[in-house]
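Quick notes on the structure that follows.
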Number of protein chains: 2
Amino acid sequence: MKVLVAEDDERIAEVLESALGRSGFEVHWEQDGESAWYRADTEEFDAIILDLGLPQMDGLTVLKRWRRGGLETPVLILTARGQWEERVEGIEAGADDYVVKPFHALEIVARMRALIRRSKGVATPRIPFGKYELDMRSMQVTEDGLPMDLTPQEFRLMAYLLHNRGRTVSQLEITEHIYRQDFERESNAVEVLVARLRKRLGHDVVKTRRGFGYTLGDGY
Amino acid sequence: MKVLVAEDDERIAEVLESALGRSGFEVHWEQDGESAWYRADTEEFDAIILDLGLPQMDGLTVLKRWRRGGLETPVLILTARGQWEERVEGIEAGADDYVVKPFHALEIVARMRALIRRSKGVATPRIPFGKYELDMRSMQVTEDGLPMDLTPQEFRLMAYLLHNRGRTVSQLEITEHIYRQDFERESNAVEVLVARLRKRLGHDVVKTRRGFGYTLGDGY
DNA sequence: GGGGTGCTGTAAGCGTTCTGTCAGGTTGAA
DNA sequence: TTCAACCTGACAGAACGCTTACAGCACCCC
C-alpha cells in the first residue's frame, strides 16, 4: 500500500513514516502543498495523509484541486486541536476522515487501513506471489500456505519489492523506503539484506539488474 | 434475521437500516435506551446493534441489564472514536463485538453475519480455543471445562488476542486496547503481562514474532 | 483501622536475535 | 584485462523480549 504524506513538520512526518512503514505501508513524503498536489496528480497512491497547514499551497486548496481534477484517492486530513471549522471545511472539500493533532501513530495506521479497505471495496490485503503470499494485516508471508518467518527488515524489503513488482527498484530507492531518513548512503546494507531475503526465498526470486537495481522475478 | 438497532442519530440509523435491509435483515429501530431495553427484553432478536450514547438509559446500562436478565442475543456496540474505555467497558459488560464510528455500513453487515453465525453455532457467545474456552459474559476462561482464574488484565489480553486470532498484534496495539490512553509507552508492562498469561496457558500458546508482536497459536 | 492478600506496573539484568559493517571474493560490462 | 558493482560470511553492537524481584495500591476481613 502506497501512501503519500503531505506534512511540513519533519518530526511528525518521521513519526508517521516509521509507524506506517512498520505496518507495511510504503510511505512517500512531500513537504509542501504544491509538491504534494503535483505528486498525487501524477502518481497513483492508495491513500493520502494531508496536513492542512502546508507552505506554498495550503492543504484545503490542495484537496479541492485534487477533487476538482477527479482524484478519488481517500484523503485523511490532520488538523490542529480545536480548529474544528477546518475539519468541517475539510470534509466538505472532500476529505474522507480526519485526525486531530496530537495523535497516536497507531490510530493513523488503523484509519489508513480502514480508508483503503473502504475505497477498494473489501479488497484483500494479501498479495499473492507464486507459491508465496504476503499478508499485510498479519504481517506474514506464507509459502504454500505455511507461515515463514521473515525478520522485520526482510519483510519490509519483500513488501516493497512486491508492491513494485515488475519494476526495477534501485538501491537508493530501497534505502529511502525502508531505512531511517538519516541512514548512511554508502553502506552496503541493502545488498546484505537482499542476500538474506534470497536465502529465504531462493536465489532467483530477486533478480539483480547490475547498475540499476533489483526486480522481483516475473517467473511467477 | 431480525436485528434491533438502538441508535438515536437518525442519519446513522437510516444508513444501517438500508444496508442491513438490502442484505436481507429485518431491521427494527429504537431511539432511546429504555425502549431498546424493553424491546429486546420482550421480543426475540437475532442480534442487536447498540449505540453507547443513548438518551434515557445509557447503552452500557442497557447492555448490563440485558445480560443480568439472562439475554444472550449477540450485541455489537457502536462507540465514538477514541472512546476506548467505552469499548473495554462494553466488552466487559457483555458485548460481543464493537465498531468505531464512523464506520462503513457494509462492515456492519459483515460483522452482523459473523456474530449471528457464531451465536447460532454455539449457544452462548463463548469463544473456544483448543481445550480452553473464553466466555465474554462471565469473564471466565475454562480449561477442559474447569474454570481457571485469570486476573482482569490477563483476561483482557487473552480476549484481545482471541478476537484477533491468527493475526499478529503489536505491543503498541495491545497497549492501546487494554491500557489507559496516557499509558507510558516505554514500559515493558505488556511483556510482563504476556509472561503472566503464558504461565497460565502454557508457554507456547502465545507465540512471539520478534519485531512484530504476538500471535495466538494456530495449533488449535 | 490494621494487617493480609492479590494485582499490576517498574526496573534491572540477561540471553537471543537482528542487522549494519567490514574484508575479501565474484561477476559482468566495456 | 580492468574496474566498478555486487555477493558473501564473519563479527559485534544494538535492539528486543524474557525473567525476576519489588513496591504501590486496592480490596477484604476481622
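How things are named: the first chain in the C-alpha cells is A, the next is B, and so on; residues count from 1 in each chain; ligands count from 1 in the order shown.
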Using only C-alpha atoms (C1' of nucleotides), find the residues of chain D whose closest atom to chain B is at most 8 Å away, then write them as a VMD selection string.
chain D and resid 16 to 18
Using only C-alpha atoms (C1' of nucleotides), I'd like every residue of chain B that has an atom within 8 Å of chain C; please write them out as a VMD selection string.
chain B and resid 151 187 189
Residues of the last selection are to be written out with N, CA and C atoms, as a short mmCIF file (atom, residue, chain, number, x, y, z; two decimals), in the first residue's frame.
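Output contents, as saved in result-v8.cif:
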data_model
loop_
_atom_site.label_atom_id
_atom_site.label_comp_id
_atom_site.auth_asym_id
_atom_site.auth_seq_id
_atom_site.Cartn_x
_atom_site.Cartn_y
_atom_site.Cartn_z
N THR B 151 -6.45 -13.06 36.05
CA THR B 151 -6.68 -11.73 36.60
C THR B 151 -7.37 -10.90 35.52
N SER B 187 7.20 1.44 28.74
CA SER B 187 7.18 0.41 29.76
C SER B 187 7.19 -0.99 29.15
N ALA B 189 5.35 -3.34 30.39
CA ALA B 189 4.18 -3.95 31.03
C ALA B 189 3.56 -5.05 30.18
#
For the full set of C-alpha atoms taken in order, report to one decimal the RMSD after fitting chain B onto chain A.
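Rounded to one decimal, the C-alpha RMSD is 15.1 Å.
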Report as a count of residues only: the residues of region 18-114 of chain A with a DSSP assignment of alpha helix (DSSP H), based on the backbone of this structure.
45
Output as a list in words the set of chain A residues within 7 Å of chain B, with distances taken over only C-alpha atoms.
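Residues satisfying the distance criterion: Ser138, Met139 and Pro152 of chain A.
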Please write the residues from the selection above to a file, keeping N, CA and C atoms, as a compact mmCIF listing (two decimals), in the first residue's frame.
# COMPACT_ATOMS: atom_id res chain seq x y z
N SER A 138 -1.63 -9.36 8.83
CA SER A 138 -1.00 -10.14 9.88
C SER A 138 0.52 -10.03 9.80
N MET A 139 0.98 -9.24 8.84
CA MET A 139 2.41 -9.05 8.69
C MET A 139 3.12 -10.39 8.54
N PRO A 152 11.78 -8.39 10.57
CA PRO A 152 11.06 -7.17 10.17
C PRO A 152 11.65 -6.51 8.93
When you draw a straight line from CA of Leu71 (chain B) to CA of Arg11 (chain B), how long is it in Å?
28.0 Å
Atomic separation - CA of Arg113 (chain B) relative to CA of Gly69 (chain B), Å:
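CA of Arg113 (chain B) lies 24.5 Å from CA of Gly69 (chain B).
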